[in-house]
Amino acid sequence: MTAAQPWDGPDFERCDVAFGGIRKPVLKLGRSGPAVVVIHEIYGFTPTLARFCRWIAEAGFRVHAPILFGSPDTANREKPSLGRVLGLCVAREINLFRSGRSSPVIEWLKPLCRQAHAECGGPGVGVVGMCLTGGFALSLAVDPVVLAPVLAQPGLPALSPAALDIGQADLGIVRERTRREGLVVRGYRFEGDTLCRAARFQTLRRELGDGFAATVLPDSAANPQGPMAQAGKPPHSVFTGDLVDAPGEPTRAAVDEVIAFLARRLHSRPA
């Protein structure tokens, strides 16, 4: 069930969506085309995430951006807080530290993907997860409706650099899809990222083989004015705060690569 609500963004439409008695805001953008579910980082929905959503919509897709926490607008600052992390632990919708298990919120996101597909049509949907939601795109790929999963700097489980936040049975389903259907899972990270380390991508490559396609960007490609650089830390957010929006920049080229991937999987396949 959805209920339209006012929002201060002139180009996004806000709807409140309920599944299993849990209601969350979803921001939608794009007039037509297959659905792409874009899941925000720990910062919430920010101006740079809105920019990324606009690029996806301009390429001919209908973006659905669920708001899992934070305010349902671009007032969220690109600065994580201890209070937000503690809130996530208390809410128990996201497994911050547990390995080998999908977060409970996945069971809300699955019907969202199906509803987005029903609304938009086409062969299926794309999913882009980022940071602590990066691995959500992998968990959601158990559903046949998800044809283009993108993991942007997947950061969970925290404190276990090589582990994945997906159950073994679900991982087996995704692995079988890569073999039988040619499903491809794309992943993005910065080389020196300390929140999404190389070990996690090595695990994905071991588990999915050629079904995992990774793009690793040099730290030098990151925005020198980005939030991580300002905090004196290695870059992390490939498509948002650490992106350099200029022609020829590797991070902007990564966005184009994602859009091309979505187009191949969602526009070129027969309905």
# chains A, B, ... in the order shown; residues from 1 in each chain; ligands from 1
call {"tool": "residues_around", "arguments": {"residues": "segment 137-139 of chain A", "least_positions_apart": "2", "cutoff": "8 Å", "atoms": "only C-alpha atoms", "output": "MDAnalysis selection string"}}
result
chainID A and resid 102 106 127:129 133:135 141:142 149:151 165:166 170:171 174 185
call {"tool": "residues_around", "arguments": {"residues": "segment 199-206 of chain A", "least_positions_apart": "5", "cutoff": "7 Å", "atoms": "only C-alpha atoms", "output": "JSON, numbers by chain"}}
result
{"A": [161, 162, 163, 212]}
call {"tool": "residues_around", "arguments": {"residues": "Phe61 of chain A", "least_positions_apart": "5", "cutoff": "6 Å", "atoms": "only C-alpha atoms", "output": "NGL selection string"}}
result
:A and (33-35)
call {"tool": "write_last_selection", "arguments": {"atoms": "C-alpha atoms", "output": "PDB file, in the first residue's frame"}}
result
ATOM      1  CA  GLY A  33      11.399   2.993 -17.772  1.00  0.00           C
ATOM      2  CA  PRO A  34      12.395  -0.047 -15.716  1.00  0.00           C
ATOM      3  CA  ALA A  35      12.699   0.384 -11.959  1.00  0.00           C
TER       4      ALA A  35
END
call {"tool": "residues_around", "arguments": {"residues": "His64 of chain A", "least_positions_apart": "2", "cutoff": "12 Å", "atoms": "only C-alpha atoms", "output": "PDB file with N, CA and C atoms, in the first residue's frame"}}
result
ATOM      1  N   PHE A  12      11.279  14.998  -7.058  1.00  0.00           N
ATOM      2  CA  PHE A  12      10.994  13.696  -6.477  1.00  0.00           C
ATOM      3  C   PHE A  12       9.550  13.635  -5.987  1.00  0.00           C
ATOM      4  N   GLU A  13       8.981  12.453  -6.066  1.00  0.00           N
ATOM      5  CA  GLU A  13       7.658  12.180  -5.513  1.00  0.00           C
ATOM      6  C   GLU A  13       7.827  11.308  -4.279  1.00  0.00           C
ATOM      7  N   ARG A  14       7.245  11.725  -3.184  1.00  0.00           N
ATOM      8  CA  ARG A  14       7.313  10.920  -1.971  1.00  0.00           C
ATOM      9  C   ARG A  14       6.048  10.098  -1.797  1.00  0.00           C
ATOM     10  N   CYS A  15       6.232   8.804  -1.518  1.00  0.00           N
ATOM     11  CA  CYS A  15       5.138   7.931  -1.158  1.00  0.00           C
ATOM     12  C   CYS A  15       5.520   7.178   0.105  1.00  0.00           C
ATOM     13  N   ASP A  16       4.550   6.931   0.980  1.00  0.00           N
ATOM     14  CA  ASP A  16       4.761   6.080   2.145  1.00  0.00           C
ATOM     15  C   ASP A  16       4.309   4.677   1.782  1.00  0.00           C
ATOM     16  N   VAL A  17       5.188   3.719   1.941  1.00  0.00           N
ATOM     17  CA  VAL A  17       4.941   2.354   1.485  1.00  0.00           C
ATOM     18  C   VAL A  17       4.963   1.418   2.676  1.00  0.00           C
ATOM     19  N   PRO A  25       9.041   5.794   4.067  1.00  0.00           N
ATOM     20  CA  PRO A  25       8.958   6.670   2.895  1.00  0.00           C
ATOM     21  C   PRO A  25       9.794   6.118   1.740  1.00  0.00           C
ATOM     22  N   VAL A  26       9.333   6.357   0.535  1.00  0.00           N
ATOM     23  CA  VAL A  26      10.083   6.044  -0.677  1.00  0.00           C
ATOM     24  C   VAL A  26      10.020   7.266  -1.585  1.00  0.00           C
ATOM     25  N   LEU A  27      11.177   7.721  -2.044  1.00  0.00           N
ATOM     26  CA  LEU A  27      11.243   8.845  -2.971  1.00  0.00           C
ATOM     27  C   LEU A  27      11.394   8.296  -4.375  1.00  0.00           C
ATOM     28  N   LYS A  28      10.541   8.775  -5.293  1.00  0.00           N
ATOM     29  CA  LYS A  28      10.539   8.264  -6.661  1.00  0.00           C
ATOM     30  C   LYS A  28      10.911   9.373  -7.638  1.00  0.00           C
ATOM     31  N   LEU A  29      11.589   8.972  -8.697  1.00  0.00           N
ATOM     32  CA  LEU A  29      12.028   9.929  -9.705  1.00  0.00           C
ATOM     33  C   LEU A  29      12.094   9.239 -11.059  1.00  0.00           C
ATOM     34  N   GLY A  30      11.661   9.934 -12.101  1.00  0.00           N
ATOM     35  CA  GLY A  30      11.690   9.380 -13.445  1.00  0.00           C
ATOM     36  C   GLY A  30      10.285   9.144 -13.957  1.00  0.00           C
ATOM     37  N   ARG A  31      10.063   9.483 -15.213  1.00  0.00           N
ATOM     38  CA  ARG A  31       8.716   9.384 -15.773  1.00  0.00           C
ATOM     39  C   ARG A  31       8.376   7.994 -16.248  1.00  0.00           C
ATOM     40  N   SER A  32       9.374   7.247 -16.714  1.00  0.00           N
ATOM     41  CA  SER A  32       9.093   5.935 -17.268  1.00  0.00           C
ATOM     42  C   SER A  32      10.373   5.117 -17.271  1.00  0.00           C
ATOM     43  N   GLY A  33      10.245   3.873 -17.688  1.00  0.00           N
ATOM     44  CA  GLY A  33      11.399   2.993 -17.772  1.00  0.00           C
ATOM     45  C   GLY A  33      11.408   1.966 -16.666  1.00  0.00           C
ATOM     46  N   PRO A  34      12.286   0.973 -16.760  1.00  0.00           N
ATOM     47  CA  PRO A  34      12.395  -0.047 -15.716  1.00  0.00           C
ATOM     48  C   PRO A  34      12.775   0.573 -14.375  1.00  0.00           C
ATOM     49  N   ALA A  35      12.443  -0.127 -13.306  1.00  0.00           N
ATOM     50  CA  ALA A  35      12.699   0.384 -11.959  1.00  0.00           C
ATOM     51  C   ALA A  35      14.129   0.099 -11.515  1.00  0.00           C
ATOM     52  N   VAL A  36      14.710   1.057 -10.810  1.00  0.00           N
ATOM     53  CA  VAL A  36      15.997   0.881 -10.137  1.00  0.00           C
ATOM     54  C   VAL A  36      15.820   1.325  -8.693  1.00  0.00           C
ATOM     55  N   VAL A  37      16.043   0.417  -7.760  1.00  0.00           N
ATOM     56  CA  VAL A  37      15.939   0.720  -6.341  1.00  0.00           C
ATOM     57  C   VAL A  37      17.317   1.157  -5.852  1.00  0.00           C
ATOM     58  N   VAL A  38      17.414   2.384  -5.362  1.00  0.00           N
ATOM     59  CA  VAL A  38      18.671   2.948  -4.879  1.00  0.00           C
ATOM     60  C   VAL A  38      18.570   3.098  -3.364  1.00  0.00           C
ATOM     61  N   ILE A  39      19.451   2.407  -2.632  1.00  0.00           N
ATOM     62  CA  ILE A  39      19.383   2.382  -1.175  1.00  0.00           C
ATOM     63  C   ILE A  39      20.525   3.222  -0.609  1.00  0.00           C
ATOM     64  N   HIS A  40      20.182   4.164   0.243  1.00  0.00           N
ATOM     65  CA  HIS A  40      21.142   5.164   0.713  1.00  0.00           C
ATOM     66  C   HIS A  40      22.190   4.596   1.674  1.00  0.00           C
ATOM     67  N   ALA A  50      20.845  12.305  -4.111  1.00  0.00           N
ATOM     68  CA  ALA A  50      19.814  12.814  -5.010  1.00  0.00           C
ATOM     69  C   ALA A  50      20.393  13.036  -6.401  1.00  0.00           C
ATOM     70  N   CYS A  53      20.685   9.718  -8.113  1.00  0.00           N
ATOM     71  CA  CYS A  53      19.354   9.271  -8.543  1.00  0.00           C
ATOM     72  C   CYS A  53      18.923   9.998  -9.817  1.00  0.00           C
ATOM     73  N   ARG A  54      19.230  11.273  -9.905  1.00  0.00           N
ATOM     74  CA  ARG A  54      18.861  12.042 -11.104  1.00  0.00           C
ATOM     75  C   ARG A  54      19.592  11.518 -12.334  1.00  0.00           C
ATOM     76  N   ILE A  56      20.522   8.462 -12.853  1.00  0.00           N
ATOM     77  CA  ILE A  56      19.881   7.203 -13.210  1.00  0.00           C
ATOM     78  C   ILE A  56      18.549   7.469 -13.922  1.00  0.00           C
ATOM     79  N   ALA A  57      17.765   8.389 -13.385  1.00  0.00           N
ATOM     80  CA  ALA A  57      16.461   8.696 -13.983  1.00  0.00           C
ATOM     81  C   ALA A  57      16.621   9.304 -15.378  1.00  0.00           C
ATOM     82  N   PHE A  61      15.319   5.474 -16.496  1.00  0.00           N
ATOM     83  CA  PHE A  61      14.847   4.547 -15.474  1.00  0.00           C
ATOM     84  C   PHE A  61      13.942   5.278 -14.489  1.00  0.00           C
ATOM     85  N   ARG A  62      13.168   4.510 -13.759  1.00  0.00           N
ATOM     86  CA  ARG A  62      12.289   5.043 -12.711  1.00  0.00           C
ATOM     87  C   ARG A  62      12.914   4.667 -11.370  1.00  0.00           C
ATOM     88  N   PRO A  66      14.178   4.083  -1.161  1.00  0.00           N
ATOM     89  CA  PRO A  66      13.574   3.922   0.160  1.00  0.00           C
ATOM     90  C   PRO A  66      14.377   4.659   1.224  1.00  0.00           C
ATOM     91  N   ILE A  67      13.689   5.223   2.192  1.00  0.00           N
ATOM     92  CA  ILE A  67      14.337   5.914   3.302  1.00  0.00           C
ATOM     93  C   ILE A  67      14.277   4.998   4.516  1.00  0.00           C
ATOM     94  N   LEU A 109      12.423  -4.859   1.899  1.00  0.00           N
ATOM     95  CA  LEU A 109      12.904  -4.402   0.596  1.00  0.00           C
ATOM     96  C   LEU A 109      12.509  -5.349  -0.544  1.00  0.00           C
ATOM     97  N   LEU A 112       9.234  -4.384  -1.912  1.00  0.00           N
ATOM     98  CA  LEU A 112       9.389  -3.093  -2.588  1.00  0.00           C
ATOM     99  C   LEU A 112       9.902  -3.306  -4.008  1.00  0.00           C
ATOM    100  N   CYS A 113      10.877  -4.194  -4.173  1.00  0.00           N
ATOM    101  CA  CYS A 113      11.394  -4.476  -5.516  1.00  0.00           C
ATOM    102  C   CYS A 113      10.305  -5.052  -6.408  1.00  0.00           C
ATOM    103  N   ARG A 114       9.495  -5.947  -5.849  1.00  0.00           N
ATOM    104  CA  ARG A 114       8.422  -6.546  -6.650  1.00  0.00           C
ATOM    105  C   ARG A 114       7.367  -5.511  -7.023  1.00  0.00           C
ATOM    106  N   GLN A 115       7.044  -4.636  -6.065  1.00  0.00           N
ATOM    107  CA  GLN A 115       6.061  -3.593  -6.357  1.00  0.00           C
ATOM    108  C   GLN A 115       6.593  -2.630  -7.407  1.00  0.00           C
ATOM    109  N   ALA A 116       7.875  -2.267  -7.310  1.00  0.00           N
ATOM    110  CA  ALA A 116       8.474  -1.368  -8.293  1.00  0.00           C
ATOM    111  C   ALA A 116       8.438  -1.997  -9.686  1.00  0.00           C
ATOM    112  N   HIS A 117       8.687  -3.309  -9.749  1.00  0.00           N
ATOM    113  CA  HIS A 117       8.632  -3.995 -11.033  1.00  0.00           C
ATOM    114  C   HIS A 117       7.214  -3.985 -11.587  1.00  0.00           C
ATOM    115  N   GLU A 119       4.905  -1.814 -11.037  1.00  0.00           N
ATOM    116  CA  GLU A 119       4.553  -0.455 -11.446  1.00  0.00           C
ATOM    117  C   GLU A 119       5.207  -0.067 -12.767  1.00  0.00           C
ATOM    118  N   CYS A 120       6.465  -0.478 -12.946  1.00  0.00           N
ATOM    119  CA  CYS A 120       7.265   0.034 -14.068  1.00  0.00           C
ATOM    120  C   CYS A 120       7.343  -0.923 -15.247  1.00  0.00           C
ATOM    121  N   VAL A 125      14.192  -5.486 -12.270  1.00  0.00           N
ATOM    122  CA  VAL A 125      14.636  -4.246 -11.647  1.00  0.00           C
ATOM    123  C   VAL A 125      16.133  -4.290 -11.385  1.00  0.00           C
ATOM    124  N   GLY A 126      16.712  -3.116 -11.219  1.00  0.00           N
ATOM    125  CA  GLY A 126      18.077  -2.980 -10.748  1.00  0.00           C
ATOM    126  C   GLY A 126      18.060  -2.561  -9.288  1.00  0.00           C
ATOM    127  N   VAL A 127      19.126  -2.886  -8.559  1.00  0.00           N
ATOM    128  CA  VAL A 127      19.265  -2.482  -7.163  1.00  0.00           C
ATOM    129  C   VAL A 127      20.682  -1.975  -6.946  1.00  0.00           C
ATOM    130  N   VAL A 128      20.799  -0.781  -6.360  1.00  0.00           N
ATOM    131  CA  VAL A 128      22.098  -0.230  -6.000  1.00  0.00           C
ATOM    132  C   VAL A 128      22.115  -0.024  -4.498  1.00  0.00           C
TER     133      VAL A 128
END
call {"tool": "select_by_dssp", "arguments": {"residues": "segment 168-230 of chain A", "states": "helix (DSSP H, G or I)", "output": "PyMOL selection string"}}
result
chain A and resi 168-180+198-211+219-221+227-230
call {"tool": "closest_residue", "arguments": {"among": "A:Leu164, A:Gly209, A:Ala152, A:Glu78", "to": "Thr178 of chain A", "atoms": "only C-alpha atoms"}}
result
A:Gly209
call {"tool": "closest_residue", "arguments": {"among": "A:Val184, A:Val63, A:Leu132, A:Leu49", "to": "Leu243 of chain A", "atoms": "only C-alpha atoms"}}
result
A:Leu49
call {"tool": "select_by_dssp", "arguments": {"residues": "segment 2-250 of chain A", "states": "strand (DSSP E)", "output": "PyMOL selection string"}}
result
chain A and resi 2-5+13-19+22-29+35-39+62-66+125-130+146-152+185-190+212-217
call {"tool": "closest_residue", "arguments": {"among": "A:Val255, A:Ala169, A:Pro235, A:Gln230", "to": "Arg186 of chain A", "atoms": "only C-alpha atoms"}}
result
A:Val255
call {"tool": "residues_around", "arguments": {"residues": "Lys233 of chain A", "least_positions_apart": "3", "cutoff": "12 Å", "atoms": "only C-alpha atoms", "output": "list in words"}}
result
Phe190, Gly192, Asp193, Thr194, Leu195, Asp219, Ala222, Pro224, Gln225, Gly226, Pro227, Met228, Ala229, Gln230, His236, Ser237 and Asp242 of chain A
call {"tool": "atom_distance", "arguments": {"atom1": "atom CA of Arg180 of chain A", "atom2": "atom CA of Gly211 of chain A"}}
result
10.6 Å
